[in-house]
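S.K.: Compact mmCIF, C-alpha atoms, file final.txt:
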```txt
# COMPACT_ATOMS: atom_id res chain seq x y z
CA MET A 186 -22.56 -0.50 105.10
CA ILE A 187 -23.08 -4.26 105.19
CA LYS A 188 -22.87 -6.39 102.06
CA ALA A 189 -26.62 -7.07 101.81
CA GLU A 190 -27.33 -3.33 101.80
CA ARG A 191 -24.74 -2.76 99.06
CA HIS A 192 -26.31 -5.51 96.97
CA ASP A 193 -29.74 -3.95 97.30
CA LEU A 194 -28.44 -0.51 96.35
CA ILE A 195 -26.60 -1.91 93.34
CA MET A 196 -29.88 -3.42 92.14
CA VAL A 197 -31.65 -0.12 92.78
CA GLU A 198 -29.23 1.65 90.45
CA LEU A 199 -29.63 -1.04 87.82
CA SER A 200 -33.41 -0.83 88.05
CA LYS A 201 -33.11 2.91 87.37
CA ARG A 202 -30.51 2.83 84.61
CA GLY A 203 -30.20 -0.68 83.19
CA ALA A 204 -26.39 -0.62 83.43
CA VAL A 205 -23.81 1.04 85.66
CA SER A 206 -20.00 1.15 85.96
CA VAL A 207 -17.83 -0.03 88.83
CA GLN A 208 -16.52 3.52 89.30
CA GLU A 209 -20.01 4.99 89.54
CA LEU A 210 -21.10 2.40 92.10
CA ALA A 211 -17.92 2.85 94.17
CA ARG A 212 -18.49 6.60 94.28
CA LEU A 213 -22.19 6.24 95.09
CA LEU A 214 -21.70 3.69 97.88
CA ASP A 215 -18.42 5.20 99.15
CA VAL A 216 -16.47 1.95 98.97
CA SER A 217 -13.49 0.76 96.96
CA SER A 218 -13.71 -0.45 93.38
CA ALA A 219 -12.40 -3.81 94.55
CA THR A 220 -15.37 -4.17 96.93
CA ILE A 221 -17.82 -3.35 94.14
CA ARG A 222 -16.17 -5.87 91.81
CA ARG A 223 -16.57 -8.58 94.46
CA ASP A 224 -20.21 -7.61 94.96
CA ILE A 225 -20.87 -7.73 91.22
CA SER A 226 -19.19 -11.13 90.96
CA GLU A 227 -21.34 -12.52 93.77
CA LEU A 228 -24.56 -11.14 92.24
CA ASP A 229 -23.55 -12.46 88.82
CA ALA A 230 -22.94 -15.92 90.29
CA THR A 231 -26.56 -16.02 91.50
CA ASN A 232 -27.89 -14.72 88.15
CA THR A 233 -29.13 -11.56 89.87
CA LEU A 234 -27.30 -9.30 87.42
CA LEU A 235 -24.95 -9.61 84.45
CA ARG A 236 -21.31 -8.72 84.98
CA THR A 237 -19.99 -6.60 82.12
CA HIS A 238 -16.61 -5.15 81.21
CA GLY A 239 -16.18 -2.40 83.75
CA GLY A 240 -19.55 -2.72 85.44
CA ALA A 241 -22.90 -4.53 85.56
CA ALA A 242 -26.21 -4.66 83.73
CA LEU A 243 -29.65 -6.05 84.33
CA ARG A 244 -29.69 -9.66 83.21
CA ASP A 245 -33.34 -9.54 82.22
CA ARG A 246 -35.52 -6.42 82.22
CA HIS A 247 -38.54 -8.70 82.68
CA ARG A 248 -37.14 -10.18 85.88
CA GLU A 249 -38.46 -8.66 89.08
CA VAL A 250 -35.87 -7.14 91.42
CA SER A 251 -36.13 -7.78 95.16
CA TYR A 252 -38.75 -6.01 97.25
CA ASP A 253 -36.04 -4.38 99.36
CA ALA A 254 -34.39 -2.97 96.25
CA LYS A 255 -37.74 -1.68 95.00
CA ILE A 256 -38.33 0.13 98.30
CA MET A 257 -35.13 2.14 97.88
CA ALA A 258 -35.67 3.04 94.21
CA PHE A 259 -37.07 6.58 93.74
CA LEU A 260 -38.02 6.74 97.42
CA PRO A 261 -38.54 10.55 97.57
CA GLU A 262 -40.89 10.38 94.59
CA LYS A 263 -42.80 7.48 96.10
CA ARG A 264 -43.22 9.37 99.36
CA ARG A 265 -44.72 12.35 97.56
CA ILE A 266 -47.05 10.13 95.54
CA GLY A 267 -48.21 8.25 98.64
CA ALA A 268 -48.82 11.41 100.65
CA TYR A 269 -50.83 12.94 97.81
CA ALA A 270 -52.99 9.81 97.44
CA ALA A 271 -53.70 9.88 101.19
CA SER A 272 -54.74 13.54 100.95
CA LEU A 273 -57.48 12.62 98.47
CA LEU A 274 -59.14 10.12 100.79
CA GLU A 275 -62.23 11.08 102.77
CA ALA A 276 -63.28 9.95 106.24
CA ASP A 277 -65.02 6.59 106.51
CA MET A 278 -64.13 5.46 103.01
CA VAL A 279 -63.68 1.76 102.29
CA ILE A 280 -60.43 1.31 100.38
CA GLY A 281 -58.68 -1.70 98.96
CA CYS A 282 -54.96 -1.93 98.37
CA GLY A 283 -52.02 -4.25 97.94
CA GLY A 284 -48.55 -3.84 99.41
CA GLY A 285 -46.57 -2.37 96.53
CA THR A 286 -43.68 -0.13 97.51
CA THR A 287 -45.39 3.08 96.35
CA VAL A 288 -48.70 2.18 97.99
CA MET A 289 -46.80 1.48 101.23
CA GLN A 290 -45.67 5.12 101.25
CA MET A 291 -49.34 6.10 101.56
CA ILE A 292 -49.98 3.95 104.65
CA ALA A 293 -48.12 6.17 107.15
CA SER A 294 -50.30 9.10 106.10
CA ILE A 295 -53.62 7.36 106.77
CA LYS A 296 -52.96 6.15 110.33
CA ARG A 297 -54.89 9.01 111.93
CA MET A 298 -57.83 8.81 109.52
CA SER A 299 -61.13 6.99 109.98
CA LEU A 300 -61.11 4.35 107.25
CA ARG A 301 -61.84 0.73 106.51
CA VAL A 302 -58.96 -0.93 104.67
CA LEU A 303 -59.15 -4.22 102.79
CA THR A 304 -55.72 -5.54 101.89
CA ASN A 305 -54.00 -8.69 100.73
CA ALA A 306 -50.66 -7.39 102.08
CA VAL A 307 -49.34 -8.55 105.44
CA ASN A 308 -47.03 -5.52 105.64
CA VAL A 309 -49.95 -3.10 105.21
CA ALA A 310 -51.90 -4.81 108.00
CA LEU A 311 -48.90 -4.73 110.34
CA GLU A 312 -48.24 -1.05 109.60
CA LEU A 313 -51.83 -0.21 110.54
CA ARG A 314 -52.13 -2.45 113.60
CA ASP A 315 -51.98 0.49 116.05
CA ALA A 316 -54.12 2.91 114.01
CA GLU A 317 -57.12 3.47 116.29
CA ASP A 318 -59.70 4.49 113.69
CA VAL A 319 -58.56 2.30 110.80
CA ARG A 320 -60.37 -1.01 110.62
CA VAL A 321 -58.28 -3.52 108.67
CA THR A 322 -59.48 -6.68 106.94
CA LEU A 323 -56.62 -8.91 105.79
CA THR A 324 -57.53 -11.46 103.17
CA GLY A 325 -56.46 -15.06 103.37
CA GLY A 326 -54.56 -16.77 100.59
CA THR A 327 -51.14 -18.04 99.60
CA MET A 328 -48.32 -15.66 100.49
CA ARG A 329 -45.74 -14.51 97.96
CA LYS A 330 -42.63 -14.58 100.13
CA GLY A 331 -40.85 -11.79 98.28
CA THR A 332 -43.60 -9.21 98.76
CA ALA A 333 -45.62 -10.47 101.77
CA GLU A 334 -48.77 -10.24 99.62
CA VAL A 335 -51.25 -13.10 99.50
CA VAL A 336 -52.91 -14.31 96.32
CA GLY A 337 -55.16 -17.09 95.11
CA PHE A 338 -58.77 -18.20 95.37
CA ILE A 339 -59.25 -17.46 99.09
CA CYS A 340 -57.89 -13.96 98.64
CA GLU A 341 -60.10 -13.26 95.62
CA ARG A 342 -63.21 -14.62 97.36
CA THR A 343 -62.68 -12.23 100.28
CA ILE A 344 -62.22 -9.24 97.97
CA ARG A 345 -65.48 -10.06 96.15
CA ASP A 346 -67.32 -9.77 99.49
CA PHE A 347 -66.54 -6.02 99.58
CA LYS A 348 -67.74 -2.96 97.73
CA LEU A 349 -64.89 -0.45 97.70
CA ASP A 350 -64.98 3.30 97.42
CA VAL A 351 -61.44 3.26 96.04
CA ALA A 352 -58.98 0.60 94.92
CA ILE A 353 -55.42 1.89 95.20
CA ILE A 354 -52.89 -0.22 93.35
CA GLY A 355 -49.31 -0.09 92.19
CA ALA A 356 -47.98 -1.25 88.84
CA ASP A 357 -44.55 -2.11 87.46
CA GLY A 358 -45.58 -0.88 84.04
CA VAL A 359 -47.99 1.85 82.90
CA ASP A 360 -48.33 2.13 79.14
CA PRO A 361 -51.11 3.94 77.26
CA GLU A 362 -51.45 1.11 74.76
CA HIS A 363 -50.72 -1.97 76.89
CA GLY A 364 -52.30 -0.83 80.15
CA TYR A 365 -51.17 -1.62 83.69
CA THR A 366 -48.78 -4.55 84.06
CA THR A 367 -46.66 -6.33 86.65
CA TYR A 368 -44.36 -9.36 86.86
CA ASP A 369 -46.56 -11.97 88.53
CA SER A 370 -49.80 -13.21 86.97
CA GLU A 371 -51.47 -14.06 90.31
CA GLU A 372 -50.67 -10.61 91.68
CA ALA A 373 -52.03 -9.08 88.47
CA TYR A 374 -55.29 -11.00 88.77
CA THR A 375 -55.70 -10.03 92.43
CA ASN A 376 -55.38 -6.36 91.47
CA ARG A 377 -57.92 -6.89 88.67
CA VAL A 378 -60.39 -8.26 91.22
CA LEU A 379 -59.82 -5.20 93.44
CA ILE A 380 -60.49 -2.97 90.43
CA GLY A 381 -63.74 -4.80 89.71
CA GLN A 382 -65.06 -4.14 93.22
CA ALA A 383 -64.24 -0.42 93.31
CA ARG A 384 -66.18 2.73 92.51
CA GLU A 385 -62.90 4.49 91.70
CA VAL A 386 -59.43 3.17 90.84
CA TRP A 387 -56.18 5.02 91.53
CA VAL A 388 -52.83 3.77 90.23
CA LEU A 389 -49.67 4.95 92.01
CA ALA A 390 -46.50 4.79 89.92
CA ASP A 391 -43.27 6.74 89.88
CA HIS A 392 -41.92 7.93 86.52
CA SER A 393 -39.64 4.89 86.04
CA LYS A 394 -42.78 2.74 85.49
CA LEU A 395 -44.24 4.99 82.77
CA GLY A 396 -44.06 3.59 79.27
CA GLU A 397 -42.89 0.21 80.61
CA VAL A 398 -44.62 -3.10 79.90
CA ARG A 399 -44.24 -6.16 82.13
CA PRO A 400 -45.37 -9.74 81.41
CA ALA A 401 -48.60 -9.91 83.46
CA VAL A 402 -51.52 -7.65 82.53
CA ILE A 403 -53.49 -6.10 85.39
CA ASP A 404 -56.04 -4.23 83.25
CA THR A 405 -56.48 -1.83 80.36
CA ILE A 406 -55.40 1.79 80.66
CA ALA A 407 -59.03 2.95 80.91
CA ALA A 408 -59.54 0.87 84.08
CA ALA A 409 -58.07 3.63 86.25
CA ASP A 410 -59.78 6.91 87.03
CA LEU A 411 -56.54 8.51 88.20
CA VAL A 412 -52.81 7.84 87.80
CA ILE A 413 -50.61 9.59 90.38
CA THR A 414 -46.97 10.02 89.40
CA ASP A 415 -44.06 12.40 89.92
CA ASP A 416 -42.83 15.47 88.10
CA ALA A 417 -40.30 13.55 85.98
CA ALA A 418 -43.13 12.02 83.92
CA PRO A 419 -42.33 12.38 80.18
CA GLU A 420 -44.45 14.87 78.26
CA ALA A 421 -45.13 12.30 75.52
CA PHE A 422 -46.58 9.93 78.10
CA LEU A 423 -48.80 12.62 79.60
CA ALA A 424 -50.10 13.57 76.15
CA ALA A 425 -50.87 9.93 75.34
CA MET A 426 -52.74 9.47 78.62
CA LYS A 427 -54.78 12.60 77.93
CA ASP A 428 -55.71 11.17 74.54
CA LYS A 429 -56.89 8.00 76.32
CA GLY A 430 -59.05 10.06 78.69
CA VAL A 431 -57.15 9.04 81.84
CA ARG A 432 -56.53 11.76 84.42
CA VAL A 433 -52.93 12.07 85.63
CA ALA A 434 -51.89 13.91 88.80
CA ILE A 435 -48.29 15.14 88.97
CA VAL A 436 -46.70 15.55 92.43
```
Would you encode the structure as structure tokens?

M.R.:
Amino acid sequence: MIKAERHDLIMVELSKRGAVSVQELARLLDVSSATIRRDISELDATNTLLRTHGGAALRDRHREVSYDAKIMAFLPEKRRIGAYAASLLEADMVIGCGGGTTVMQMIASIKRMSLRVLTNAVNVALELRDAEDVRVTLTGGTMRKGTAEVVGFICERTIRDFKLDVAIIGADGVDPEHGYTTYDSEEAYTNRVLIGQAREVWVLADHSKLGEVRPAVIDTIAAADLVITDDAAPEAFLAAMKDKGVRVAIV
């Protein structure tokens, strides 16, 4: 395993747990403790994590981890969520979506469908480039290099030219009181515009996002018609969502 892959996997574990020991990481990645200590030192030097006695911790829970690290976190759960969302779509729908890591797990399942897809995500458009019956409109805008999503006035203007059957979005935080949140305010506003153009709104989020609150507000909890998550969702969260009148699908 090359160093960059180890670094991503270390950040995946931290995103799941907040802190982790050298011994746990060495066992997980099947490398020596000395290698893990060097990796932690390098990541600490770039302020990516905080080196602790015997391990590492997230330096700032409000700091966004890399897109590659997000892809790896809870990947089996994200695959189930994405496949289930795809199964709910009907032929010839017009859908809007970004390029969040959970939403991306839906894209492989829609390649053989007849759909029109509006997206602000370069990776979504590339994934669908060979899908014969999927017509893709990629918005313009200013690209966020970390996520390959575009944002800004040009992007928003394009979205407002569409009426969507469904907006399918991801979120870094889903909280019954604070709503749907993410790290970047421009990304949050782009998702809010997608929501405003849609007849239905589906939010895809694995259980690690539930009960979390990030700095940038996408919309209130009532903005979504359906939240799709995995079977590790806490009972207290599910009860609170029921009280708010938001339907939750568990996969």

S.K.: Considering all atoms listed in the file, can you say which of A:Asp357, A:Asp346, A:Asp318, A:Glu362 comes closest to Leu389 (chain A)?

M.R.: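 Ranking A:Asp357, A:Asp346, A:Asp318, A:Glu362 by distance to Leu389 (chain A), first place goes to A:Asp357.
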
S.K.: If I take CA of Ala316 (chain A) and CA of Leu300 (chain A), how far is one from the other in Å, to one decimal?

M.R.: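 Computing it gives 9.8 Å between the two atoms.
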
S.K.: Go ahead and compute the interatomic distance for CA of Ala242 (chain A) and CA of Ile354 (chain A), in Å to one decimal.

M.R.: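 Going from CA of Ala242 (chain A) over to CA of Ile354 (chain A), I get 28.7 Å.
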
S.K.: What would the list of residues within 8 Å of (-53.6, 0.3, 79.6) (file frame) look like as a list in words, if all atoms listed in the file are what count?

M.R.: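 Those within range, by chain then number, are Val359, Asp360, Pro361, Glu362, His363, Gly364, Tyr365, Asp404, Thr405, Ile406, Ala407 and Ala408 of chain A.
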
S.K.: Could you tell me how far CA of Met298 (chain A) lies from CA of Met278 (chain A), in Å and to one decimal?

M.R.: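 These atoms are spaced 9.7 Å apart.
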
S.K.: Looking at A:Leu395, A:Ala241, A:Ala219, A:Ile403, which one is nearest to Ile195 (chain A), with distances taken over only C-alpha atoms?

M.R.: A:Ala241

S.K.: Looking at A:Val351, A:Glu312, A:Gly396, A:Val386, which one is nearest to Ala421 (chain A), with distances taken over only C-alpha atoms?

M.R.: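 Ranked by minimum distance to Ala421 (chain A), first place goes to A:Gly396.
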
S.K.: Could you pull the residues within 8 Å of region 376-378 of chain A, counting only C-alpha atoms, minus those fewer than 2 positions along the same chain, as an NGL selection string?

M.R.: :A and (283 or 341 or 344-345 or 354 or 372-374 or 380-382 or 403-404)

S.K.: In the coordinates of the file, take the point (-50.4, -18.0, 86.5) and a cut-off of 12 Å; then, counting all atoms listed in the file, name each qualifying protein, DNA or RNA residue as a list in words.

M.R.: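 Neighbouring residues, ordered by chain and number, come to Val336, Gly337, Tyr368, Asp369, Ser370, Glu371, Glu372, Ala373, Tyr374, Thr375, Pro400, Ala401 and Val402 of chain A.
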
S.K.: Choose the residue, out of A:Asp229, A:Leu199, A:Gly281, A:Val288, that has the smallest atom-to-atom separation from Thr343 (chain A); count only C-alpha atoms.

M.R.: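 Distance minimum relative to Thr343 (chain A) lands on A:Gly281.
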